[in-house]
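J.: Sharing coords_19.pdb below, PDB, C-alpha atoms and all ligand atoms:
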ATOM      1  CA  MET A1438      -9.751  52.379  65.554
ATOM      2  CA  ALA A1439     -11.765  52.891  62.346
ATOM      3  CA  LYS A1440     -15.405  51.862  62.373
ATOM      4  CA  SER A1441     -16.280  48.956  60.117
ATOM      5  CA  VAL A1442     -20.045  48.770  60.591
ATOM      6  CA  ILE A1443     -22.421  51.294  62.130
ATOM      7  CA  VAL A1444     -25.974  50.109  62.753
ATOM      8  CA  ASN A1445     -28.048  53.172  63.427
ATOM      9  CA  ASP A1446     -31.569  52.860  64.859
ATOM     10  CA  VAL A1447     -32.554  50.034  62.506
ATOM     11  CA  THR A1448     -36.126  48.785  62.443
ATOM     12  CA  LYS A1449     -37.371  45.986  60.192
ATOM     13  CA  ILE A1450     -41.065  45.503  59.632
ATOM     14  CA  TYR A1451     -42.459  42.468  57.854
ATOM     15  CA  LYS A1452     -46.043  42.533  56.714
ATOM     16  CA  LEU A1453     -48.015  39.502  57.815
ATOM     17  CA  PHE A1454     -51.040  38.779  55.624
ATOM     18  CA  SER A1455     -53.996  36.684  56.688
ATOM     19  CA  SER A1456     -54.442  35.163  53.201
ATOM     20  CA  PRO A1457     -52.816  35.110  49.728
ATOM     21  CA  LYS A1458     -55.745  37.295  48.571
ATOM     22  CA  GLU A1459     -54.826  39.968  51.114
ATOM     23  CA  ARG A1460     -51.182  39.880  49.958
ATOM     24  CA  LEU A1461     -52.340  40.355  46.357
ATOM     25  CA  LEU A1462     -54.649  43.216  47.294
ATOM     26  CA  ASP A1463     -51.744  44.907  49.078
ATOM     27  CA  LEU A1464     -49.697  44.730  45.869
ATOM     28  CA  VAL A1465     -52.478  46.136  43.710
ATOM     29  CA  ILE A1466     -53.805  48.760  46.130
ATOM     30  CA  PRO A1467     -51.145  49.297  48.797
ATOM     31  CA  ARG A1468     -53.028  50.482  51.856
ATOM     32  CA  LYS A1469     -52.046  50.509  55.470
ATOM     33  CA  SER A1470     -55.079  48.407  56.329
ATOM     34  CA  TYR A1471     -53.771  45.330  54.477
ATOM     35  CA  GLY A1472     -51.665  42.977  56.540
ATOM     36  CA  GLU A1473     -50.366  43.319  60.048
ATOM     37  CA  ASN A1474     -47.024  44.960  60.806
ATOM     38  CA  PHE A1475     -44.561  42.610  62.469
ATOM     39  CA  TYR A1476     -41.433  44.163  63.997
ATOM     40  CA  ALA A1477     -38.538  41.726  63.441
ATOM     41  CA  LEU A1478     -36.081  44.424  64.608
ATOM     42  CA  GLN A1479     -36.827  47.545  66.570
ATOM     43  CA  ASN A1480     -34.475  50.527  66.989
ATOM     44  CA  VAL A1481     -31.289  48.473  66.875
ATOM     45  CA  SER A1482     -28.066  50.487  67.250
ATOM     46  CA  PHE A1483     -24.455  49.457  67.795
ATOM     47  CA  ASP A1484     -21.119  49.882  66.058
ATOM     48  CA  VAL A1485     -18.226  47.633  65.341
ATOM     49  CA  ASP A1486     -14.517  48.396  64.884
ATOM     50  CA  GLU A1487     -12.453  47.049  62.016
ATOM     51  CA  GLY A1488     -11.199  43.568  62.887
ATOM     52  CA  ASP A1489     -13.833  42.895  65.553
ATOM     53  CA  ILE A1490     -15.383  39.446  65.717
ATOM     54  CA  VAL A1491     -18.955  39.876  66.839
ATOM     55  CA  GLY A1492     -21.465  37.182  67.744
ATOM     56  CA  PHE A1493     -25.249  37.488  67.620
ATOM     57  CA  VAL A1494     -27.124  35.451  70.218
ATOM     58  CA  GLY A1495     -30.786  35.242  71.167
ATOM     59  CA  VAL A1496     -33.573  32.690  71.311
ATOM     60  CA  ASN A1497     -35.381  31.590  68.116
ATOM     61  CA  GLY A1498     -36.983  34.452  66.260
ATOM     62  CA  SER A1499     -35.046  37.200  68.050
ATOM     63  CA  GLY A1500     -33.853  38.714  64.755
ATOM     64  CA  LYS A1501     -30.291  37.388  64.350
ATOM     65  CA  SER A1502     -30.665  36.339  60.701
ATOM     66  CA  THR A1503     -32.633  39.456  59.798
ATOM     67  CA  LEU A1504     -29.879  41.653  61.241
ATOM     68  CA  SER A1505     -27.138  39.663  59.461
ATOM     69  CA  ASN A1506     -28.981  39.928  56.149
ATOM     70  CA  ILE A1507     -29.449  43.685  56.561
ATOM     71  CA  ILE A1508     -25.718  44.194  57.282
ATOM     72  CA  ALA A1509     -24.905  42.037  54.232
ATOM     73  CA  GLY A1510     -27.221  44.187  52.110
ATOM     74  CA  VAL A1511     -29.396  41.205  51.189
ATOM     75  CA  VAL A1512     -32.506  42.504  52.993
ATOM     76  CA  PRO A1513     -33.379  46.224  53.207
ATOM     77  CA  GLU A1514     -34.082  47.877  56.556
ATOM     78  CA  SER A1515     -37.493  49.597  56.971
ATOM     79  CA  TYR A1516     -36.121  52.503  59.018
ATOM     80  CA  GLY A1517     -32.701  53.606  60.200
ATOM     81  CA  SER A1518     -29.428  53.015  58.403
ATOM     82  CA  VAL A1519     -26.452  50.692  58.219
ATOM     83  CA  GLU A1520     -23.045  52.019  57.216
ATOM     84  CA  VAL A1521     -20.665  49.352  56.000
ATOM     85  CA  ARG A1522     -17.032  50.044  55.101
ATOM     86  CA  GLY A1523     -16.078  47.735  52.259
ATOM     87  CA  GLN A1524     -17.630  44.637  50.797
ATOM     88  CA  ALA A1525     -19.717  42.356  53.002
ATOM     89  CA  ALA A1526     -20.539  38.729  52.199
ATOM     90  CA  ILE A1527     -22.848  36.378  54.062
ATOM     91  CA  ILE A1528     -22.655  32.632  54.441
ATOM     92  CA  ALA A1529     -25.936  31.148  55.571
ATOM     93  CA  VAL A1530     -27.425  27.687  55.919
ATOM     94  CA  ASN A1531     -30.025  28.864  53.469
ATOM     95  CA  SER A1532     -27.183  29.656  51.106
ATOM     96  CA  GLY A1533     -28.919  32.217  48.905
ATOM     97  CA  LEU A1534     -28.341  30.167  45.757
ATOM     98  CA  ASP A1535     -30.814  30.156  42.875
ATOM     99  CA  ASN A1536     -32.183  26.607  42.598
ATOM    100  CA  LYS A1537     -33.002  26.888  38.894
ATOM    101  CA  LEU A1538     -29.437  27.787  37.909
ATOM    102  CA  THR A1539     -26.461  25.434  37.814
ATOM    103  CA  GLY A1540     -23.689  25.666  40.397
ATOM    104  CA  ARG A1541     -21.422  27.396  37.872
ATOM    105  CA  GLU A1542     -24.128  29.893  36.877
ATOM    106  CA  ASN A1543     -24.717  30.665  40.557
ATOM    107  CA  ILE A1544     -21.007  31.371  41.071
ATOM    108  CA  GLU A1545     -20.903  33.630  38.014
ATOM    109  CA  LEU A1546     -24.063  35.496  38.978
ATOM    110  CA  LYS A1547     -22.912  36.082  42.564
ATOM    111  CA  LEU A1548     -19.486  37.328  41.414
ATOM    112  CA  LEU A1549     -21.004  39.589  38.743
ATOM    113  CA  MET A1550     -23.285  41.087  41.383
ATOM    114  CA  LEU A1551     -20.252  41.726  43.583
ATOM    115  CA  GLY A1552     -18.625  43.674  40.730
ATOM    116  CA  PHE A1553     -16.017  41.159  39.506
ATOM    117  CA  ASN A1554     -15.063  41.247  35.814
ATOM    118  CA  LYS A1555     -14.996  38.249  33.437
ATOM    119  CA  LYS A1556     -11.235  37.641  33.889
ATOM    120  CA  GLN A1557     -11.497  37.727  37.691
ATOM    121  CA  ILE A1558     -14.528  35.425  37.565
ATOM    122  CA  ASN A1559     -12.616  32.877  35.461
ATOM    123  CA  GLU A1560      -9.748  32.957  37.932
ATOM    124  CA  LEU A1561     -11.936  32.548  41.007
ATOM    125  CA  GLU A1562     -14.361  29.982  39.604
ATOM    126  CA  ASP A1563     -12.024  26.959  39.773
ATOM    127  CA  GLU A1564     -10.887  27.865  43.272
ATOM    128  CA  ILE A1565     -14.495  28.033  44.470
ATOM    129  CA  ILE A1566     -15.490  24.753  42.799
ATOM    130  CA  GLU A1567     -12.479  22.983  44.290
ATOM    131  CA  PHE A1568     -13.079  24.371  47.785
ATOM    132  CA  ALA A1569     -16.764  23.382  47.645
ATOM    133  CA  GLU A1570     -15.902  19.843  46.446
ATOM    134  CA  VAL A1571     -18.712  19.904  43.875
ATOM    135  CA  GLU A1572     -16.630  19.373  40.694
ATOM    136  CA  LYS A1573     -18.796  16.573  39.294
ATOM    137  CA  PHE A1574     -22.062  18.442  39.767
ATOM    138  CA  ILE A1575     -21.073  21.986  38.899
ATOM    139  CA  ASP A1576     -23.064  22.043  35.650
ATOM    140  CA  GLN A1577     -26.206  20.543  37.218
ATOM    141  CA  PRO A1578     -29.033  22.744  38.530
ATOM    142  CA  VAL A1579     -28.616  23.496  42.227
ATOM    143  CA  LYS A1580     -32.075  22.041  42.938
ATOM    144  CA  SER A1581     -30.538  18.590  42.446
ATOM    145  CA  TYR A1582     -27.874  19.259  45.144
ATOM    146  CA  SER A1583     -28.044  17.864  48.661
ATOM    147  CA  SER A1584     -28.300  20.466  51.427
ATOM    148  CA  GLY A1585     -24.653  19.765  52.329
ATOM    149  CA  MET A1586     -23.548  20.468  48.744
ATOM    150  CA  LYS A1587     -25.545  23.703  48.652
ATOM    151  CA  SER A1588     -24.073  24.965  51.876
ATOM    152  CA  ARG A1589     -20.539  23.990  50.786
ATOM    153  CA  LEU A1590     -20.991  25.950  47.567
ATOM    154  CA  GLY A1591     -22.479  28.943  49.407
ATOM    155  CA  PHE A1592     -19.608  28.877  51.894
ATOM    156  CA  ALA A1593     -16.973  28.524  49.146
ATOM    157  CA  ILE A1594     -18.327  31.508  47.180
ATOM    158  CA  SER A1595     -18.502  33.781  50.206
ATOM    159  CA  VAL A1596     -15.024  33.057  51.609
ATOM    160  CA  ASN A1597     -13.242  33.004  48.265
ATOM    161  CA  VAL A1598     -14.436  36.453  47.180
ATOM    162  CA  ASP A1599     -12.252  37.663  50.070
ATOM    163  CA  PRO A1600     -14.736  40.180  51.493
ATOM    164  CA  ASP A1601     -13.802  42.897  53.997
ATOM    165  CA  ILE A1602     -16.645  41.792  56.249
ATOM    166  CA  LEU A1603     -17.779  38.208  56.604
ATOM    167  CA  LEU A1604     -21.100  37.193  58.144
ATOM    168  CA  ILE A1605     -21.557  33.544  59.063
ATOM    169  CA  ASP A1606     -25.107  32.503  59.897
ATOM    170  CA  GLU A1607     -25.242  29.015  61.431
ATOM    171  CA  ALA A1608     -23.141  27.828  58.503
ATOM    172  CA  LEU A1609     -20.844  25.657  60.591
ATOM    173  CA  SER A1610     -23.691  23.445  61.707
ATOM    174  CA  VAL A1611     -24.067  21.766  58.323
ATOM    175  CA  GLY A1612     -21.765  19.643  56.225
ATOM    176  CA  ASP A1613     -19.462  16.866  57.344
ATOM    177  CA  LYS A1614     -16.661  17.078  59.885
ATOM    178  CA  ALA A1615     -13.889  17.434  57.309
ATOM    179  CA  PHE A1616     -15.610  20.368  55.620
ATOM    180  CA  ALA A1617     -16.402  21.988  58.974
ATOM    181  CA  GLU A1618     -12.686  21.816  59.842
ATOM    182  CA  LYS A1619     -11.705  23.281  56.488
ATOM    183  CA  SER A1620     -14.257  26.071  56.992
ATOM    184  CA  LEU A1621     -13.013  26.785  60.485
ATOM    185  CA  ALA A1622      -9.428  27.011  59.179
ATOM    186  CA  LYS A1623     -10.602  29.549  56.590
ATOM    187  CA  MET A1624     -12.339  31.543  59.303
ATOM    188  CA  TYR A1625      -9.167  31.591  61.411
ATOM    189  CA  GLU A1626      -7.359  32.908  58.311
ATOM    190  CA  PHE A1627      -9.898  35.743  58.231
ATOM    191  CA  LYS A1628      -9.452  36.362  61.922
ATOM    192  CA  GLU A1629      -5.658  36.494  61.511
ATOM    193  CA  SER A1630      -5.908  38.952  58.622
ATOM    194  CA  GLY A1631      -7.786  41.371  60.882
ATOM    195  CA  LYS A1632     -11.088  41.386  59.007
ATOM    196  CA  THR A1633     -14.429  42.080  60.608
ATOM    197  CA  MET A1634     -16.609  39.039  61.191
ATOM    198  CA  PHE A1635     -20.124  38.407  62.433
ATOM    199  CA  PHE A1636     -21.068  35.042  63.723
ATOM    200  CA  VAL A1637     -24.574  33.662  64.348
ATOM    201  CA  SER A1638     -24.750  30.384  66.216
ATOM    202  CA  HIS A1639     -26.816  28.613  68.837
ATOM    203  CA  SER A1640     -23.593  27.027  70.067
ATOM    204  CA  ILE A1641     -22.309  29.073  72.996
ATOM    205  CA  GLY A1642     -19.134  26.966  72.912
ATOM    206  CA  GLN A1643     -18.361  28.161  69.358
ATOM    207  CA  MET A1644     -19.169  31.740  70.361
ATOM    208  CA  LYS A1645     -16.787  31.591  73.328
ATOM    209  CA  LYS A1646     -13.997  30.253  71.142
ATOM    210  CA  PHE A1647     -14.429  32.705  68.356
ATOM    211  CA  CYS A1648     -16.039  36.011  69.354
ATOM    212  CA  GLU A1649     -14.625  39.053  71.109
ATOM    213  CA  LYS A1650     -17.900  40.923  71.398
ATOM    214  CA  VAL A1651     -21.506  39.743  71.498
ATOM    215  CA  VAL A1652     -24.845  41.359  70.682
ATOM    216  CA  TRP A1653     -27.678  39.700  72.606
ATOM    217  CA  LEU A1654     -30.941  40.218  70.733
ATOM    218  CA  GLU A1655     -34.271  39.827  72.446
ATOM    219  CA  TYR A1656     -37.411  39.887  70.285
ATOM    220  CA  GLY A1657     -35.890  42.358  67.851
ATOM    221  CA  GLY A1658     -34.203  44.651  70.380
ATOM    222  CA  VAL A1659     -30.649  44.796  71.759
ATOM    223  CA  LYS A1660     -30.712  43.406  75.287
ATOM    224  CA  GLU A1661     -26.954  43.691  75.780
ATOM    225  CA  TYR A1662     -23.812  44.467  73.747
ATOM    226  CA  GLY A1663     -20.308  44.166  75.077
ATOM    227  CA  PRO A1664     -17.325  41.864  75.700
ATOM    228  CA  ALA A1665     -18.198  38.288  74.699
ATOM    229  CA  LYS A1666     -17.316  36.749  78.066
ATOM    230  CA  GLU A1667     -19.574  39.083  79.991
ATOM    231  CA  VAL A1668     -22.586  39.017  77.653
ATOM    232  CA  LEU A1669     -22.411  35.225  77.168
ATOM    233  CA  ALA A1670     -22.336  34.684  80.944
ATOM    234  CA  HIS A1671     -25.517  36.765  81.305
ATOM    235  CA  TYR A1672     -27.120  35.033  78.320
ATOM    236  CA  GLU A1673     -26.343  31.565  79.712
ATOM    237  CA  GLU A1674     -27.871  32.581  83.034
ATOM    238  CA  PHE A1675     -30.990  33.767  81.199
ATOM    239  CA  LEU A1676     -31.186  30.563  79.115
ATOM    240  CA  GLU A1677     -31.176  28.432  82.256
ATOM    241  CA  LYS A1678     -34.281  30.268  83.464
ATOM    242  CA  TYR A1679     -35.870  30.462  80.002
ATOM    243  CA  LYS A1680     -35.605  26.702  79.428
ATOM    244  CA  LYS A1681     -37.566  26.072  82.618
ATOM    245  CA  MET A1682     -40.431  28.418  81.654
ATOM    246  CA  SER A1683     -43.744  26.971  80.473
ATOM    247  CA  LYS A1684     -45.120  27.953  77.058
ATOM    248  CA  LYS A1685     -47.458  30.415  78.771
ATOM    249  CA  GLU A1686     -44.630  31.972  80.822
ATOM    250  CA  LYS A1687     -42.504  32.339  77.686
ATOM    251  CA  GLN A1688     -45.367  34.137  75.946
ATOM    252  CA  GLN A1689     -45.858  36.435  78.964
ATOM    253  CA  TYR A1690     -42.145  37.186  79.002
ATOM    254  CA  LYS A1691     -42.200  37.967  75.276
ATOM    255  CA  ASP A1692     -45.237  40.248  75.669
ATOM    256  CA  GLU A1693     -43.552  42.110  78.511
ATOM    257  CA  VAL A1694     -40.312  42.647  76.552
ATOM    258  CA  THR A1695     -42.068  43.779  73.360
ATOM    259  CA  ARG A1696     -44.336  46.101  75.351
ATOM    260  CA  LYS A1697     -41.271  47.763  76.905
ATOM    261  CA  GLN A1698     -39.568  47.987  73.510
ATOM    262  CA  SER A1699     -42.507  49.794  71.973
ATOM    263  CA  GLY A1700     -42.585  52.168  74.942
ATOM    264  CA  ILE A1701     -46.001  51.029  76.205
ATOM    265  CA  GLU A1702     -45.905  50.440  79.940
ATOM    266  CA  ALA A1703     -48.302  48.047  81.645
ATOM    267  CA  ALA A1704     -51.495  49.705  82.903
ATOM    268  CA  THR A1705     -51.095  48.265  86.391
TER
HETATM  269  N1  LIG A1801     -39.702  37.191  55.227
HETATM  270  C1  LIG A1801     -40.318  37.246  56.414
HETATM  271  N2  LIG A1801     -41.632  37.557  56.512
HETATM  272  C2  LIG A1801     -42.258  37.612  57.701
HETATM  273  N3  LIG A1801     -41.648  37.409  58.889
HETATM  274  C3  LIG A1801     -40.336  37.094  58.865
HETATM  275  C4  LIG A1801     -39.593  36.990  57.641
HETATM  276  N4  LIG A1801     -38.311  36.671  57.939
HETATM  277  C5  LIG A1801     -38.255  36.584  59.299
HETATM  278  N5  LIG A1801     -39.453  36.826  59.854
HETATM  279  C6  LIG A1801     -39.795  36.832  61.280
HETATM  280  O1  LIG A1801     -38.927  37.743  61.933
HETATM  281  C7  LIG A1801     -38.541  37.247  63.206
HETATM  282  C8  LIG A1801     -37.034  37.207  63.304
HETATM  283  O2  LIG A1801     -36.565  36.184  62.440
HETATM  284  P1  LIG A1801     -35.027  35.804  62.300
HETATM  285  O3  LIG A1801     -34.938  34.654  61.353
HETATM  286  O4  LIG A1801     -34.254  37.021  62.001
HETATM  287  O5  LIG A1801     -34.692  35.322  63.796
HETATM  288  P2  LIG A1801     -33.484  34.447  64.315
HETATM  289  O6  LIG A1801     -33.087  35.011  65.624
HETATM  290  O7  LIG A1801     -32.431  34.337  63.276
HETATM  291  O8  LIG A1801     -34.195  33.047  64.532
HETATM  292  P3  LIG A1801     -33.588  31.541  64.535
HETATM  293  O9  LIG A1801     -32.689  31.442  65.727
HETATM  294  O10 LIG A1801     -34.807  30.705  64.697
HETATM  295  O11 LIG A1801     -32.892  31.348  63.229
HETATM  296  C9  LIG A1801     -39.197  35.877  63.359
HETATM  297  O12 LIG A1801     -40.358  35.996  64.136
HETATM  298  C10 LIG A1801     -39.542  35.485  61.941
HETATM  299  O13 LIG A1801     -40.684  34.672  61.903
END
Could you render the structure as structure tokens?

T.:
Amino acid sequence: MAKSVIVNDVTKIYKLFSSPKERLLDLVIPRKSYGENFYALQNVSFDVDEGDIVGFVGVNGSGKSTLSNIIAGVVPESYGSVEVRGQAAIIAVNSGLDNKLTGRENIELKLLMLGFNKKQINELEDEIIEFAEVEKFIDQPVKSYSSGMKSRLGFAISVNVDPDILLIDEALSVGDKAFAEKSLAKMYEFKESGKTMFFVSHSIGQMKKFCEKVVWLEYGGVKEYGPAKEVLAHYEEFLEKYKKMSKKEKQQYKDEVTRKQSGIEAAT
């Protein structure tokens, strides 16, 4: 089976600044001393076959969105590499639309960036507008849209460009029931056509229904990767325990995991 995505030792570092002044200083005189390095992902490796449907699970802040955005090419990795065969498109709750532009301008910009020509854009535009159900508002700036409208438009653009790889980040949790059903039908179409899909959701039920494999992320590292049934069973077991932990115990657990990830063993 041909590989569709190879994630090779990917690390993502965000710089955390203590003040806007520090951020500015870092821009003017970039020095290591400005800002603190925060590891959102650390040495993440796994690969995915063509046609696989892969879920990302993990508690809040474990790096699911960062990883999806890196695979989609929206966010650059700091170290490591991601090989992607074909065109990837991401659908996210935060739909990646430019608020200052109108809906139509956003469609055109996104399609231009994906390499479509004027004729193809004209053909696709109406389909996208109709799918998103935003006909009346398409020439208004996106900042005037409701969050449901924004996510419908983001979803419509991503699925209608017919990408080889589709990443869906919590996108099914917004919008009304009718749109969610329409979106799900579109995703099943993708599944049937044998395309690779990534799926981020806090709903284990949705994961079970949809995914064949699951990557369990824990504070930026891969805790487990394998058949969905197996990994989700382990993750559910963990969640039961995690939910019962106090804030202090959660912090201790996080410290222990991140210490192991960075290769520093406890002194005792
Ligand atoms: N632009 C950024 N600058 C600084 N830190 C960031 C940035 N984006 C994400 N992070 C941090 O990186 C970590 C991973 O975030 P990410 O959104 O990928 O996690 P997640 O698993 O998708 O979380 P959630 O389930 O809450 O959506 C978090 O601690 C987050 O605060």

J.: Write out as a PyMOL selection string each polymer residue whose atoms come within 9 Å of A:Gly1591, counting only C-alpha atoms; drop sequence neighbours fewer than 2 positions from it.

T.: chain A and resi 1527-1534+1544+1569+1586-1589+1593-1596

J.: Considering all atoms listed in the file, return as a list in words whatever protein or nucleic-acid residues lie within 10 Å of A:Met1438, sequence-local ones (same chain, fewer than 4 positions apart) excluded.

T.: Val1485, Asp1486, Glu1487 and Gly1488 of chain A

J.: Expand the PyMOL selection byres (((not hetatm)) within 7 of (chain A and resi 1801)) into the explicit residue set it covers here, and present it as an NGL selection string.

T.: :A and (1451-1453 or 1475 or 1477 or 1495-1504 or 1657)

J.: Let me make sure I understand: among A:Ser1630, A:Ser1583, A:Gln1689, A:Gln1577, which one has the smallest atom-to-atom distance to A:Asp1489 if we use all atoms listed in the file?

T.: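 Counting all atoms listed in the file, the residue closest to A:Asp1489 is A:Ser1630.
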
J.: Name the closest residue to A:Glu1693 among the candidates A:Phe1483, A:Ala1665, A:Glu1655, A:Asn1474; distances are taken between atoms, counting all atoms listed in the file.

T.: A:Glu1655

J.: How would you write, as a ChimeraX atom specification, the residues chosen by the PyMOL selection byres (((chain A and resi 1568) around 9) and not hetatm) on this structure?

T.: /A:1563-1567,1569-1571,1589-1590,1592-1594,1597,1619

J.: Please give the centre and size of the box around stretch 1551-1563 of chain A (axis-aligned, containing every atom listed in the file, 3 Å added per side), with values in Å to one decimal and written as lines of an AutoDock Vina configuration file.

T.:
center_x = -15.0
center_y = 35.3
center_z = 38.5
size_x = 16.5
size_y = 22.7
size_z = 16.1

J.: Applied to the shown file, which residues does the PyMOL selection byres (((chain A and resi 1508-1516) around 12) and not hetatm) return, written as a VMD selection string?

T.: chain A and resid 1441 to 1452 1474 to 1485 1501 to 1507 1517 to 1529 1532 to 1533 1547 1550 to 1551 1595 1600 to 1606 1633 to 1635

J.: Hey, which of A:Val1494, A:Val1465, A:Leu1621, A:Val1668 ends up closest to A:Tyr1656? Count only C-alpha atoms.

T.: A:Val1494

J.: For stretch 1616-1635 of chain A, which lacks atoms in the input, supply N, CA and C atoms and format the output as an mmCIF file, keeping the file's coordinate frame.

T.:
data_model
loop_
_atom_site.group_PDB
_atom_site.id
_atom_site.type_symbol
_atom_site.label_atom_id
_atom_site.label_comp_id
_atom_site.auth_asym_id
_atom_site.auth_seq_id
_atom_site.Cartn_x
_atom_site.Cartn_y
_atom_site.Cartn_z
ATOM 1 N N PHE A 1616 -15.332 19.044 56.203
ATOM 2 C CA PHE A 1616 -15.610 20.368 55.620
ATOM 3 C C PHE A 1616 -15.697 21.418 56.717
ATOM 4 N N ALA A 1617 -16.301 21.041 57.862
ATOM 5 C CA ALA A 1617 -16.402 21.988 58.974
ATOM 6 C C ALA A 1617 -15.004 22.430 59.420
ATOM 7 N N GLU A 1618 -14.060 21.474 59.444
ATOM 8 C CA GLU A 1618 -12.686 21.816 59.842
ATOM 9 C C GLU A 1618 -12.027 22.748 58.833
ATOM 10 N N LYS A 1619 -12.268 22.449 57.554
ATOM 11 C CA LYS A 1619 -11.705 23.281 56.488
ATOM 12 C C LYS A 1619 -12.283 24.704 56.576
ATOM 13 N N SER A 1620 -13.593 24.774 56.881
ATOM 14 C CA SER A 1620 -14.257 26.071 56.992
ATOM 15 C C SER A 1620 -13.713 26.856 58.180
ATOM 16 N N LEU A 1621 -13.523 26.141 59.284
ATOM 17 C CA LEU A 1621 -13.013 26.785 60.485
ATOM 18 C C LEU A 1621 -11.606 27.340 60.234
ATOM 19 N N ALA A 1622 -10.789 26.561 59.492
ATOM 20 C CA ALA A 1622 -9.428 27.011 59.179
ATOM 21 C C ALA A 1622 -9.497 28.304 58.369
ATOM 22 N N LYS A 1623 -10.438 28.367 57.434
ATOM 23 C CA LYS A 1623 -10.602 29.549 56.590
ATOM 24 C C LYS A 1623 -11.029 30.745 57.459
ATOM 25 N N MET A 1624 -11.886 30.460 58.435
ATOM 26 C CA MET A 1624 -12.339 31.543 59.303
ATOM 27 C C MET A 1624 -11.193 32.059 60.178
ATOM 28 N N TYR A 1625 -10.332 31.145 60.637
ATOM 29 C CA TYR A 1625 -9.167 31.591 61.411
ATOM 30 C C TYR A 1625 -8.243 32.456 60.559
ATOM 31 N N GLU A 1626 -8.151 32.109 59.252
ATOM 32 C CA GLU A 1626 -7.359 32.908 58.311
ATOM 33 C C GLU A 1626 -7.909 34.341 58.275
ATOM 34 N N PHE A 1627 -9.237 34.434 58.224
ATOM 35 C CA PHE A 1627 -9.898 35.743 58.231
ATOM 36 C C PHE A 1627 -9.578 36.494 59.509
ATOM 37 N N LYS A 1628 -9.694 35.773 60.604
ATOM 38 C CA LYS A 1628 -9.452 36.362 61.922
ATOM 39 C C LYS A 1628 -8.020 36.911 61.964
ATOM 40 N N GLU A 1629 -7.072 36.085 61.505
ATOM 41 C CA GLU A 1629 -5.658 36.494 61.511
ATOM 42 C C GLU A 1629 -5.420 37.734 60.646
ATOM 43 N N SER A 1630 -6.158 37.826 59.530
ATOM 44 C CA SER A 1630 -5.908 38.952 58.622
ATOM 45 C C SER A 1630 -6.608 40.232 59.101
ATOM 46 N N GLY A 1631 -7.233 40.163 60.262
ATOM 47 C CA GLY A 1631 -7.786 41.371 60.882
ATOM 48 C C GLY A 1631 -9.063 41.876 60.248
ATOM 49 N N LYS A 1632 -9.822 40.958 59.622
ATOM 50 C CA LYS A 1632 -11.088 41.386 59.007
ATOM 51 C C LYS A 1632 -12.234 41.304 60.008
ATOM 52 N N THR A 1633 -13.271 42.061 59.721
ATOM 53 C CA THR A 1633 -14.429 42.080 60.608
ATOM 54 C C THR A 1633 -15.300 40.862 60.322
ATOM 55 N N MET A 1634 -15.741 40.210 61.385
ATOM 56 C CA MET A 1634 -16.609 39.039 61.191
ATOM 57 C C MET A 1634 -17.797 39.067 62.131
ATOM 58 N N PHE A 1635 -18.923 38.580 61.609
ATOM 59 C CA PHE A 1635 -20.124 38.407 62.433
ATOM 60 C C PHE A 1635 -20.454 36.928 62.426
#
